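Visitor: Please find one structure pasted underneath; my questions will follow.
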Amino acid sequence: MFIRLPAVGLSLIGVVLAVAMRDTDPALLITVVLALIIVVDAALAPPPARLEVSRSGTASTRVGESASAQLTITNPTRRQVSGQIRDAWPPSTGVTPSRHALRLPGGSSQTVDEALTPTRRGTVTSHAITIRTNGPLGLAGRQRSFPTNWRIKVLPPFVSRRQIPSRVRQLRELDGRALLLVRGEGTEFDSLREYVAGDDVRAIDWRSTARLGDTVVRTWRPERDRQVVVVLDSGRGGALRVSDAPAFDAFIEAALLQSAIAQRAGDRVSVMAFDDDVRARLVGHSDRAITHTVAQTLADVEPTLHATDWTSLPTHIAAITKRPALVVILTTLSGAAASTGLFDVIPELKRSHTVIIASTQADPFDPPAEMDAEAAFNRAAYERAQIEAKNLVRSIERTGAIVVRASAEELPVAVVDTYIDLKARGRL
């Protein structure tokens, strides 16, 4: 049962009479009569439990993009039903509108449209659908909440997708398919073409030159069907906030762009998010919908404050592939990374794989106009962290791994450019 605003307004009449007559008896009488009317009005309201509720709409969307949803209310009774509908979603879902007027003649149905614009990734579940039916006088009514298991999958935004065309052009140049021929140094023979000034003389095919009578050179293309394993740190390194968001969000963005480019290069992609346990894993995909699959896999993973068990990483990678692979480790380089064993496992990984350590950089320190004790302490802490990170980078590079450091916005592009450079130099 609920009471509507008109009933509250009528109850004020008794207060006004009590003040004007300086007697509480009229106010008490009006209140009792009004309470009886409200109870009777609520009792005569159509029972909302008799109504039937169903949902339809988009099953998934991306952060910042709109999705549509429809809510259908069916009245199987002969009575006309009027009231309100409230669709309860978490605030981050951004549902508009969340309240709807309800007017259903007997035996009819009503469908209302909603737009959802979520601001956080993950699986979002509607809490409940609440229906209020008004009594004949409109003073009170009945209320019932219908549980719902409707879910919508909110995928990461993938802002860096705009970088895909330019990187694909670079791959085509390596493959010799574009007008601008750039000799890739892979080991897969592609074709012969006429020698042009500037070509490496070591690429001349002397037998074909003698047979054809023209100087021709061999062109090569980077090898295909390589294994690319992207490892995301979902522990403390991913929970560190960079640019007002967890670093793990930047890791997901880098994993999506790397997966898209690797698929177009003909390689097979595996993705794993782990800390002290594996939170998500995708093994050996190369289909054209790779970015959607990776986004689906990582959408519900949230970084934890657990220490990442780097010592188990070789075992996890061995379970994914036995072949030599490019292993891209997305983490945040700090003293904690060395203390949890990342530095110790790199030599073991390097024996079989090419290793890239990709890390987000902390936001630059912006000193205030007037430096006080707190600002000086923050500046000193920032500089100390930068020194520790640089020392760790040098130590990692001495093991033979490639270190890529960039801001959260530039990290996906920096990782992919390193991947393409390795392709061009025949290291994959």
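In the structure tokens, chains take letters A, B, ... by order of appearance, with residues numbered from 1 within each chain and ligands from 1 in the order shown.
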Excluding A:Leu305 and any residue of its chain fewer than 2 positions from it, enumerate the residues within 9 Å of it, using only C-alpha atoms, and give them as a list in words.

Guide: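 The residues that qualify are Ser234, Gly235, Arg236, Gly237, Gly238, Ala239, Asp275, Pro303, Ala307 and Thr308 of chain A.
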
Visitor: Output the selection as a JSON list (two decimals), in the first residue's frame - C-alpha atoms for each residue.

Guide:
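To be explicit, this is the file written out as out10.json:
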```
[["chain", "number", "residue", "atom", "x", "y", "z"],
["A", 234, "SER", "CA", 44.68, -7.88, -12.30],
["A", 235, "GLY", "CA", 46.43, -7.54, -8.93],
["A", 236, "ARG", "CA", 47.85, -4.47, -7.27],
["A", 237, "GLY", "CA", 49.52, -3.32, -10.47],
["A", 238, "GLY", "CA", 46.17, -3.18, -12.22],
["A", 239, "ALA", "CA", 44.40, -1.57, -9.26],
["A", 275, "ASP", "CA", 46.80, -12.06, -9.87],
["A", 303, "PRO", "CA", 41.50, -5.58, -10.30],
["A", 307, "ALA", "CA", 49.83, -9.59, -4.82],
["A", 308, "THR", "CA", 50.28, -11.02, -8.31]]
```

Visitor: For stretch 194-198 of chain A, list every protein, DNA or RNA residue within 8 Å, evaluated using only C-alpha atoms, and leave out those in the same chain fewer than 4 positions away; present the list as an mmCIF file with C-alpha atoms, in the first residue's frame.

Guide:
```cif
data_model
loop_
_atom_site.group_PDB
_atom_site.id
_atom_site.type_symbol
_atom_site.label_atom_id
_atom_site.label_comp_id
_atom_site.auth_asym_id
_atom_site.auth_seq_id
_atom_site.Cartn_x
_atom_site.Cartn_y
_atom_site.Cartn_z
ATOM 1 C CA ILE A 204 68.940 -10.051 -55.450
ATOM 2 C CA ASP A 214 66.381 -8.504 -65.641
ATOM 3 C CA THR A 215 67.608 -7.855 -62.138
ATOM 4 C CA VAL A 216 65.011 -9.133 -59.690
ATOM 5 C CA VAL A 217 64.960 -9.286 -55.923
#
```

Visitor: Just the strand (DSSP E or B) stuff from stretch 261-290 of chain A, please, per backbone DSSP, written as a VMD selection string.

Guide: chain A and resid 268 to 274 278 to 285

Visitor: What's the separation between atom CA of A:Arg151 and atom CA of A:Gln296, in Å to one decimal place?

Guide: 13.7 Å

Visitor: Given only C-alpha atoms as the basis, pick out the residue of A:Ile396, A:Ile13, A:Ala59, A:Leu137 nearest to A:Leu44.

Guide: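 Result for the nearest residue to A:Leu44: A:Leu137.
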